[in-house]
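What follows is the content of start.txt, which has compact mmCIF, C-alpha atoms:
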# COMPACT_ATOMS: atom_id res chain seq x y z
CA MET B 16 3.99 -8.97 -13.10
CA SER B 17 4.76 -7.07 -9.90
CA ARG B 18 2.82 -3.92 -9.17
CA SER B 19 6.02 -1.87 -9.29
CA ALA B 20 6.78 -3.19 -12.79
CA LEU B 21 3.20 -2.49 -13.87
CA VAL B 22 3.45 1.11 -12.64
CA GLY B 23 6.73 1.48 -14.53
CA ASN B 24 5.23 0.09 -17.74
CA VAL B 25 2.18 2.36 -17.57
CA THR B 26 4.37 5.38 -16.81
CA ALA B 27 6.61 4.62 -19.80
CA MET B 28 3.57 4.16 -22.05
CA LEU B 29 2.11 7.53 -21.03
CA GLU B 30 5.47 9.25 -21.59
CA ASP B 31 5.67 7.65 -25.06
CA ALA B 32 2.18 9.06 -25.70
CA GLY B 33 3.45 12.59 -24.96
CA PHE B 34 2.32 12.94 -21.35
CA VAL B 35 4.37 14.64 -18.67
CA VAL B 36 4.21 12.25 -15.70
CA SER B 37 4.76 13.01 -12.03
CA ASP B 38 6.91 11.01 -9.67
CA ARG B 39 5.17 7.97 -8.26
CA CYS B 40 3.28 8.61 -5.02
CA ALA B 41 5.37 6.11 -3.09
CA ILE B 42 3.56 6.61 0.23
CA ARG B 43 0.56 5.04 1.94
CA PRO B 44 -2.33 5.35 1.93
CA LYS B 45 -2.63 6.73 -1.58
CA SER B 46 -5.63 7.39 -3.76
CA PHE B 47 -3.62 7.62 -7.01
CA ASP B 48 -0.15 6.58 -8.16
CA ILE B 49 0.74 9.21 -10.76
CA ALA B 50 -0.54 12.41 -12.31
CA ALA B 51 -0.06 12.84 -16.05
CA ARG B 52 -0.71 15.76 -18.40
CA ARG B 53 -0.83 16.13 -22.17
CA GLY B 54 -1.98 19.57 -23.22
CA ASP B 55 -5.25 20.25 -21.45
CA ASP B 56 -5.82 16.59 -20.58
CA LEU B 57 -4.91 15.88 -16.96
CA LEU B 58 -5.11 12.34 -15.56
CA LEU B 59 -4.96 11.00 -12.01
CA VAL B 60 -4.08 7.34 -12.43
CA LYS B 61 -4.39 4.44 -10.01
CA ILE B 62 -2.54 1.33 -11.21
CA LEU B 63 -3.51 -2.10 -9.87
CA GLY B 64 -2.94 -5.73 -10.69
CA ASN B 65 -6.39 -6.65 -9.33
CA ILE B 66 -8.98 -3.90 -9.55
CA ASP B 67 -11.01 -5.48 -6.74
CA ALA B 68 -8.52 -3.75 -4.40
CA PHE B 69 -10.02 -0.41 -5.50
CA ASN B 70 -12.48 0.45 -2.74
CA ARG B 71 -15.27 2.98 -2.34
CA ALA B 72 -13.29 5.39 -0.14
CA THR B 73 -10.50 5.62 -2.71
CA GLY B 74 -12.99 6.00 -5.56
CA HIS B 75 -14.74 8.86 -3.79
CA GLU B 76 -11.46 10.61 -3.07
CA MET B 77 -10.38 10.31 -6.71
CA GLN B 78 -13.70 11.78 -7.79
CA ARG B 79 -13.19 14.74 -5.46
CA LEU B 80 -9.61 15.26 -6.61
CA GLY B 81 -10.75 15.12 -10.23
CA THR B 82 -13.31 17.84 -9.55
CA TYR B 83 -10.97 20.21 -7.70
CA LEU B 84 -8.00 19.69 -10.06
CA HIS B 85 -10.09 19.54 -13.26
CA ALA B 86 -8.65 16.10 -13.96
CA THR B 87 -9.92 12.71 -15.13
CA PRO B 88 -9.53 10.03 -12.47
CA LEU B 89 -9.01 6.55 -13.86
CA VAL B 90 -7.77 3.09 -12.92
CA ILE B 91 -5.53 0.96 -15.13
CA GLY B 92 -5.55 -2.68 -14.05
CA LEU B 93 -4.98 -6.21 -15.23
CA ARG B 94 -7.80 -8.30 -13.84
CA SER B 95 -10.85 -8.62 -11.63
CA ARG B 96 -11.07 -11.74 -9.48
CA ASP B 97 -9.71 -14.47 -11.76
CA GLU B 98 -10.68 -12.83 -15.05
CA ASP B 99 -8.46 -10.57 -17.12
CA LEU B 100 -9.96 -7.22 -18.13
CA LYS B 101 -11.13 -7.41 -21.72
CA PRO B 102 -9.32 -5.22 -24.29
CA ASP B 103 -11.10 -2.07 -25.50
CA VAL B 104 -13.72 -2.31 -22.74
CA VAL B 105 -14.27 0.40 -20.11
CA TYR B 106 -15.38 -0.82 -16.69
CA PHE B 107 -16.46 1.30 -13.73
CA ARG B 108 -15.65 1.04 -10.05
CA HIS B 109 -17.15 3.51 -7.58
CA GLY B 110 -17.73 6.11 -10.29
CA VAL B 111 -14.23 5.88 -11.80
CA PRO B 112 -13.44 4.49 -15.30
CA VAL B 113 -11.29 1.34 -15.29
CA PHE B 114 -9.52 -0.38 -18.19
CA SER B 115 -6.55 -2.54 -19.11
CA PRO B 116 -3.06 -1.41 -20.21
CA ASP B 117 -3.88 -2.62 -23.74
CA THR B 118 -6.94 -0.37 -23.80
CA ALA B 119 -4.83 2.50 -22.48
CA TYR B 120 -2.24 1.89 -25.22
CA ASN B 121 -4.88 1.94 -27.94
CA LEU B 122 -6.43 5.10 -26.51
CA PHE B 123 -3.31 7.15 -25.73
CA ILE B 124 -0.77 5.84 -28.28
CA GLU B 125 -2.92 4.76 -31.22
CA GLY B 126 -5.66 7.33 -30.68
CA VAL B 127 -8.36 4.62 -30.84
CA PRO B 128 -10.90 5.06 -28.02
CA PRO B 129 -12.84 2.08 -26.63
CA LEU B 130 -16.32 1.41 -27.99
CA ILE B 131 -17.56 -0.98 -25.30
CA TYR B 132 -18.34 -0.48 -21.64
CA ALA B 133 -19.34 -2.90 -18.92
CA ALA B 134 -22.46 -2.36 -16.86
CA PRO B 135 -24.76 -4.61 -14.81
CA GLY B 136 -26.11 -7.22 -17.20
CA GLY B 137 -23.25 -7.32 -19.69
CA LEU B 138 -21.32 -5.30 -22.25
CA TYR B 139 -22.85 -2.32 -24.05
CA VAL B 140 -22.10 0.27 -26.73
CA ASN B 141 -23.29 3.79 -27.47
CA ILE B 142 -25.81 3.97 -30.29
CA ASP B 143 -26.11 7.14 -32.38
CA GLY B 144 -29.88 7.42 -32.13
CA ASP B 145 -30.25 10.17 -34.74
CA LEU B 146 -28.21 8.22 -37.27
CA LEU B 147 -30.20 5.06 -36.56
CA ALA B 148 -33.48 6.92 -37.12
CA ASP B 149 -32.15 8.37 -40.39
CA GLU B 150 -31.05 4.93 -41.63
CA ARG B 151 -34.43 3.40 -40.76
CA GLU B 152 -36.38 6.18 -42.44
CA ASP B 153 -34.15 6.03 -45.54
CA ARG B 154 -35.25 2.42 -45.92
CA ASP B 155 -38.83 3.38 -45.23
CA TRP B 156 -38.95 0.93 -42.33
CA SER B 157 -41.39 1.37 -39.48
CA LEU B 158 -40.34 0.99 -35.85
CA GLY B 159 -42.20 -2.32 -35.87
CA ARG B 160 -40.32 -3.61 -38.91
CA LEU B 161 -36.94 -2.88 -37.34
CA ALA B 162 -38.11 -4.35 -34.02
CA ASN B 163 -39.00 -7.61 -35.80
CA GLU B 164 -35.61 -7.72 -37.51
CA LEU B 165 -33.85 -7.30 -34.17
CA GLY B 166 -36.16 -9.51 -32.13
CA VAL B 167 -37.01 -6.73 -29.68
CA SER B 168 -40.06 -4.63 -28.94
CA ARG B 169 -41.11 -1.52 -30.84
CA ARG B 170 -40.67 0.45 -27.61
CA THR B 171 -37.06 -0.73 -27.32
CA VAL B 172 -36.24 0.47 -30.84
CA SER B 173 -37.78 3.83 -29.99
CA LYS B 174 -35.51 4.02 -26.92
CA TYR B 175 -32.46 3.26 -29.06
CA GLU B 176 -33.36 6.21 -31.27
CA ASP B 177 -33.83 8.36 -28.18
CA GLY B 178 -30.28 7.57 -27.06
CA MET B 179 -30.54 4.37 -25.01
CA ASN B 180 -27.42 2.24 -25.34
CA ALA B 181 -27.53 -1.30 -26.70
CA SER B 182 -25.93 -4.66 -26.08
CA ILE B 183 -23.06 -5.73 -28.32
CA GLU B 184 -25.32 -8.29 -29.98
CA VAL B 185 -27.92 -5.67 -30.92
CA ALA B 186 -25.22 -3.25 -32.12
CA MET B 187 -23.74 -5.92 -34.38
CA ALA B 188 -27.17 -6.79 -35.75
CA LEU B 189 -27.88 -3.13 -36.48
CA GLU B 190 -24.61 -2.65 -38.34
CA GLU B 191 -25.24 -5.79 -40.39
CA LEU B 192 -28.72 -4.57 -41.29
CA PHE B 193 -27.63 -1.07 -42.31
CA THR B 194 -24.01 -1.78 -43.33
CA SER B 195 -22.87 1.39 -41.55
CA GLU B 196 -21.31 2.26 -38.20
CA LEU B 197 -23.95 3.33 -35.73
CA THR B 198 -21.82 3.30 -32.59
CA SER B 199 -19.78 6.06 -30.95
CA PRO B 200 -16.76 5.66 -28.62
CA VAL B 201 -16.69 6.02 -24.86
CA ASP B 202 -15.26 9.47 -24.10
CA VAL B 203 -13.02 8.46 -21.21
CA LEU B 204 -11.35 11.86 -20.86
CA GLU B 205 -14.70 13.49 -20.20
CA GLY B 206 -15.37 11.08 -17.36
CA ALA B 207 -17.44 8.77 -19.60
CA GLU B 208 -20.54 10.67 -18.52
CA ASP B 209 -22.40 9.62 -21.68
CA VAL B 210 -22.50 6.01 -20.50
CA HIS B 211 -22.14 6.18 -16.74
CA GLU B 212 -24.51 8.08 -14.50
CA SER B 213 -22.44 8.74 -11.40
CA ASP B 214 -23.58 10.62 -8.36
CA SER B 215 -22.49 14.20 -7.76
CA THR B 216 -19.06 14.79 -6.27
CA PRO B 217 -18.92 13.02 -2.87
CA GLU B 218 -18.77 15.31 0.14
CA ASP B 219 -15.41 16.25 1.61
CA PRO B 220 -14.28 14.30 4.67
CA ALA B 221 -13.76 16.10 7.96
CA ALA B 222 -10.31 17.53 8.50
CA ASP B 223 -7.89 15.66 10.72
CA PRO B 224 -8.15 17.18 14.23
CA ASP B 225 -4.43 18.00 14.07
CA ASP B 226 -5.07 20.04 10.92
CA GLU B 227 -8.15 21.96 12.04
CA GLU B 228 -6.15 25.03 13.10
CA VAL B 229 -4.34 25.18 9.72
CA VAL B 230 -7.67 24.73 7.89
CA ALA B 231 -9.18 27.57 9.91
CA VAL B 232 -6.28 29.92 9.08
CA LEU B 233 -6.49 29.11 5.36
CA SER B 234 -10.26 29.55 5.39
CA ASN B 235 -9.96 32.91 7.12
CA ALA B 236 -7.40 33.96 4.50
CA GLY B 237 -9.94 33.37 1.75
CA TYR B 238 -9.35 29.76 0.69
CA SER B 239 -11.89 27.00 0.22
CA VAL B 240 -10.18 24.03 1.85
CA HIS B 241 -11.01 20.47 0.78
CA PRO B 242 -9.45 17.91 3.15
CA THR B 243 -8.16 14.60 1.78
CA LEU B 244 -7.57 11.26 3.44
CA ARG B 245 -5.51 9.21 0.98
CA SER B 246 -3.29 11.68 -0.85
CA PRO B 247 0.30 12.93 -0.45
CA PHE B 248 -1.21 16.27 0.60
CA LYS B 249 -3.63 16.94 3.44
CA ALA B 250 -5.91 19.24 1.46
CA ILE B 251 -6.59 21.03 -1.79
CA SER B 252 -7.12 24.72 -1.14
CA GLU B 253 -8.75 27.04 -3.68
CA ASP B 254 -8.36 30.83 -3.50
CA ARG B 255 -11.98 32.02 -3.50
CA ASP B 256 -11.08 35.59 -4.47
CA ASP B 257 -8.57 34.79 -7.22
CA GLY B 258 -9.96 35.21 -10.72
CA ASP B 259 -7.59 32.48 -11.94
CA ASN B 260 -8.90 30.15 -9.22
CA GLU B 261 -5.40 29.36 -7.98
CA VAL B 262 -5.09 26.00 -6.25
CA LEU B 263 -2.71 24.97 -3.46
CA LEU B 264 -1.71 21.45 -2.51
CA THR B 265 -1.43 21.76 1.25
CA GLY B 266 0.47 19.61 3.74
CA HIS B 267 1.01 19.86 7.49
CA SER B 268 3.11 17.95 10.04
CA GLU B 269 6.41 18.06 11.87
CA PHE B 270 9.27 18.40 9.42
CA THR B 271 10.61 14.84 9.39
CA LYS B 272 12.18 12.72 6.65
CA ALA B 273 8.70 11.45 5.81
CA ALA B 274 7.42 15.03 5.58
CA GLU B 275 10.29 15.95 3.27
CA LYS B 276 9.39 12.98 1.05
CA ARG B 277 5.76 14.12 0.93
CA ALA B 278 6.82 17.67 0.06
CA ARG B 279 8.92 16.39 -2.85
CA ILE B 280 6.00 14.34 -4.19
CA MET B 281 3.68 17.34 -3.78
CA SER B 282 6.08 19.44 -5.83
CA SER B 283 6.23 16.84 -8.62
CA ILE B 284 2.43 16.53 -8.67
CA GLY B 285 2.10 20.32 -8.62
CA GLN B 286 4.31 20.67 -11.69
CA VAL B 287 2.01 18.31 -13.60
CA THR B 288 -1.30 19.67 -12.26
CA ARG B 289 -0.10 23.29 -12.60
CA THR B 290 -0.72 24.03 -8.95
CA HIS B 291 1.45 25.42 -6.15
CA SER B 292 2.21 23.52 -2.96
CA VAL B 293 2.86 24.54 0.62
CA TYR B 294 3.84 22.49 3.66
CA VAL B 295 3.08 23.91 7.11
CA VAL B 296 5.58 22.88 9.78
CA ASP B 297 6.34 23.84 13.36
CA ARG B 298 9.94 24.78 12.58
CA ALA B 299 11.75 25.10 9.24
CA LYS B 300 15.44 25.58 8.52
CA ARG B 301 14.95 26.10 4.79
CA ASP B 302 12.55 27.91 2.48
CA ALA B 303 11.27 25.06 0.32
CA VAL B 304 11.64 21.45 -0.78
CA ASP B 305 11.87 21.05 -4.56
CA GLY B 306 9.40 23.88 -5.07
CA THR B 307 7.07 23.12 -2.16
CA ALA B 308 7.24 26.17 0.09
CA LEU B 309 7.74 25.61 3.81
CA VAL B 310 5.79 27.90 6.13
CA GLU B 311 5.93 27.75 9.90
CA ARG B 312 2.63 27.47 11.75
CA ASP B 313 3.14 30.73 13.68
CA GLU B 314 4.04 32.53 10.47
CA LEU B 315 0.97 31.18 8.70
CA GLU B 316 -1.29 32.67 11.35
CA GLU B 317 0.15 36.11 10.58
CA LEU B 318 -0.68 35.85 6.87
CA ARG B 319 -4.18 37.25 6.97
CA GLU B 320 -4.80 37.54 3.23
CA ALA B 321 -4.59 35.00 0.43
CA ASP B 322 -2.39 37.43 -1.53
CA ASP B 323 0.16 37.48 1.29
CA LEU B 324 0.32 33.70 1.47
CA ARG B 325 0.54 33.41 -2.31
CA ASP B 326 3.45 35.85 -2.40
CA VAL B 327 5.33 33.95 0.31
CA ILE B 328 4.84 30.62 -1.47
CA ARG B 329 6.01 31.93 -4.84
CA ASP B 330 8.94 33.83 -3.37
CA ARG B 331 10.27 30.80 -1.48
CA ALA B 332 9.84 28.43 -4.40
CA GLU B 333 11.65 30.88 -6.69
CA ARG B 334 14.46 31.45 -4.19
CA GLU B 335 15.07 27.71 -4.01
CA GLU B 336 15.22 27.49 -7.82
CA VAL B 337 17.81 30.27 -7.92
CA ALA B 338 19.85 28.65 -5.15

Once more with this new file: its structure as structure tokens, please.
Amino acid sequence: MSRSALVGNVTAMLEDAGFVVSDRCAIRPKSFDIAARRGDDLLLVKILGNIDAFNRATGHEMQRLGTYLHATPLVIGLRSRDEDLKPDVVYFRHGVPVFSPDTAYNLFIEGVPPLIYAAPGGLYVNIDGDLLADEREDRDWSLGRLANELGVSRRTVSKYEDGMNASIEVAMALEELFTSELTSPVDVLEGAEDVHESDSTPEDPAADPDDEEVVAVLSNAGYSVHPTLRSPFKAISEDRDDGDNEVLLTGHSEFTKAAEKRARIMSSIGQVTRTHSVYVVDRAKRDAVDGTALVERDELEELREADDLRDVIRDRAEREEVA
């Protein structure tokens, strides 16, 4: 299956599941392919045939974007090396959850979350330690008795009851012993933090030298500016003084056909992520592109306050909608 067909299939599946999906980010380089929202759940999705193409730099950028946009970054892929991704198993690459289209279908269409995750050493499941302790005590079994039944140490059983996860083999043995479900699903939409200990949000990259002046103006106007390297926009800018924590997707370049394409993608992403977007250009002959406001560099320097810039962005986006 071609990558384009795979992206189309995943997009259609998410739309069937009730998600609003952005236009595909058909530019390079790109950290994610589509943004998708269903209610309060916001996804940033990278779609790959071979997940080995997902590198550390892209993973770190997706983590940062997830933090600033309050979204879950994830990768949907078919295989790793020569092995297909197993159904209903969550993998991890560079701090980002990864799973197959079948797993995505079960999660988003059927409402059945995965129970298994891959980690160094094999496949594991979450054990409900409190429930395990209750089941053991109801049978009046000691830690040692259960350890003998499982073929593990007493200390290991104690760790299971304290919340340590177990291999699939141990989980199956436990459920056979107690004839009850002792596992809990992987909460992918919460970043799978219960099974994957990722580092804190990676630090922002340095701004492109060509963008430093724009970053300085936005910072002086009261925005926290987070540069990006692999996204349709050059930065995510947060209004530090806005109680609603308004977020801008920010672009900057000469206004070329490529810039117009980026502005359209930014607008589509902004509609899904519920953010505004602005593209700073040297000269503009129109107010906006599909809802992305165009602001000339000289004009931007005169907008000293975040409120002034916010008003200009909203006014130009609204004027384009009316036109």

Excluding segment 114-129 of chain B and any residue of its chain fewer than 5 positions from it, enumerate the residues within 6 Å of it, using all atoms listed in the file, and give them as a tab-separated table (two decimals) with C-alpha atoms, keeping the file's coordinate frame.
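Output below, filename selection10.tsv:
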chain	number	residue	atom	x	y	z
B	32	ALA	CA	2.18	9.06	-25.70
B	91	ILE	CA	-5.53	0.96	-15.13
B	92	GLY	CA	-5.55	-2.68	-14.05
B	93	LEU	CA	-4.98	-6.21	-15.23
B	100	LEU	CA	-9.96	-7.22	-18.13
B	102	PRO	CA	-9.32	-5.22	-24.29
B	103	ASP	CA	-11.10	-2.07	-25.50
B	104	VAL	CA	-13.72	-2.31	-22.74
B	105	VAL	CA	-14.27	0.40	-20.11
B	200	PRO	CA	-16.76	5.66	-28.62
B	201	VAL	CA	-16.69	6.02	-24.86

Could you check the closest approach to Asp313 of chain B for each of B:Ala27, B:Leu244, B:Val229, B:Leu264 and tell me which residue wins, using all atoms listed in the file? B:Val229

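Across B:Gly137, B:Leu204, B:Leu146, B:Ala222, the tightest approach to Glu190 of chain B is made by B:Leu146 when counting only C-alpha atoms.
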
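Near Pro217 of chain B, within 12 Å and counting only C-alpha atoms, sit Arg71, Ala72, Thr73, Gly74, His75, Glu76, Met77, Gln78, Arg79, Leu80, Gly81, Thr82, Tyr83, His109, Gly110, Ser213, His241 and Thr243 of chain B; same-chain residues fewer than 4 positions away were not included.
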
Hey, can you spit out that residue selection with C-alpha atoms as a PDB file, in the coordinates of the input?
ATOM      1  CA  ARG B  71     -15.270   2.980  -2.340  1.00  0.00           C
ATOM      2  CA  ALA B  72     -13.290   5.390  -0.140  1.00  0.00           C
ATOM      3  CA  THR B  73     -10.500   5.620  -2.710  1.00  0.00           C
ATOM      4  CA  GLY B  74     -12.990   6.000  -5.560  1.00  0.00           C
ATOM      5  CA  HIS B  75     -14.740   8.860  -3.790  1.00  0.00           C
ATOM      6  CA  GLU B  76     -11.460  10.610  -3.070  1.00  0.00           C
ATOM      7  CA  MET B  77     -10.380  10.310  -6.710  1.00  0.00           C
ATOM      8  CA  GLN B  78     -13.700  11.780  -7.790  1.00  0.00           C
ATOM      9  CA  ARG B  79     -13.190  14.740  -5.460  1.00  0.00           C
ATOM     10  CA  LEU B  80      -9.610  15.260  -6.610  1.00  0.00           C
ATOM     11  CA  GLY B  81     -10.750  15.120 -10.230  1.00  0.00           C
ATOM     12  CA  THR B  82     -13.310  17.840  -9.550  1.00  0.00           C
ATOM     13  CA  TYR B  83     -10.970  20.210  -7.700  1.00  0.00           C
ATOM     14  CA  HIS B 109     -17.150   3.510  -7.580  1.00  0.00           C
ATOM     15  CA  GLY B 110     -17.730   6.110 -10.290  1.00  0.00           C
ATOM     16  CA  SER B 213     -22.440   8.740 -11.400  1.00  0.00           C
ATOM     17  CA  HIS B 241     -11.010  20.470   0.780  1.00  0.00           C
ATOM     18  CA  THR B 243      -8.160  14.600   1.780  1.00  0.00           C
TER      19      THR B 243
END

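In terms of minimum interatomic distance to Thr87 of chain B, B:Glu205 ranks closest within B:Glu205, B:Asp31, B:Glu152, B:Asp67, counting all atoms listed in the file.
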
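If you look at atom CA of Asn24 of chain B and atom CA of Ala51 of chain B, they are 13.9 Å away from each other.
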
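Candidate residues B:Ser199, B:Ser215, B:Ser239, B:Ser95 were compared for distance to Val113 of chain B, and the nearest is B:Ser95, using all atoms listed in the file.
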
Between segment 85-167 of chain B and segment 174-187 of chain B, at 8 Å or less, what are the per-residue closest atom pairs and their distances in Å? Count all atoms listed in the file, order by chain and rising residue number, and return it as a tab-separated table.
residue	atom	partner	partner_atom	distance
B:Ile131	CA	B:Ile183	CA	7.9
B:Gly137	CA	B:Ser182	CA	7.4
B:Leu138	CA	B:Ser182	CA	6.0
B:Tyr139	CA	B:Ser182	CA	4.4
B:Val140	CA	B:Ala181	CA	5.7
B:Asn141	CA	B:Asn180	CA	4.9
B:Ile142	CA	B:Asn180	CA	5.5
B:Asp143	CA	B:Gly178	CA	6.8
B:Gly144	CA	B:Glu176	CA	3.8
B:Asp145	CA	B:Glu176	CA	6.1
B:Leu147	CA	B:Glu176	CA	6.3
B:Ala148	CA	B:Glu176	CA	5.9
B:Leu165	CA	B:Val185	CA	7.0

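The space separating atom CA of Lys272 of chain B from atom CA of Tyr294 of chain B comes to 13.2 Å.
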
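Taking only C-alpha atoms into account, Glu333 of chain B lies nearest to B:Val304 out of the set B:Val304, B:Leu130, B:Leu318, B:Ile251.
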
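Interatomic distance, atom CA of Thr26 of chain B to atom CA of Thr288 of chain B: 16.0 Å.
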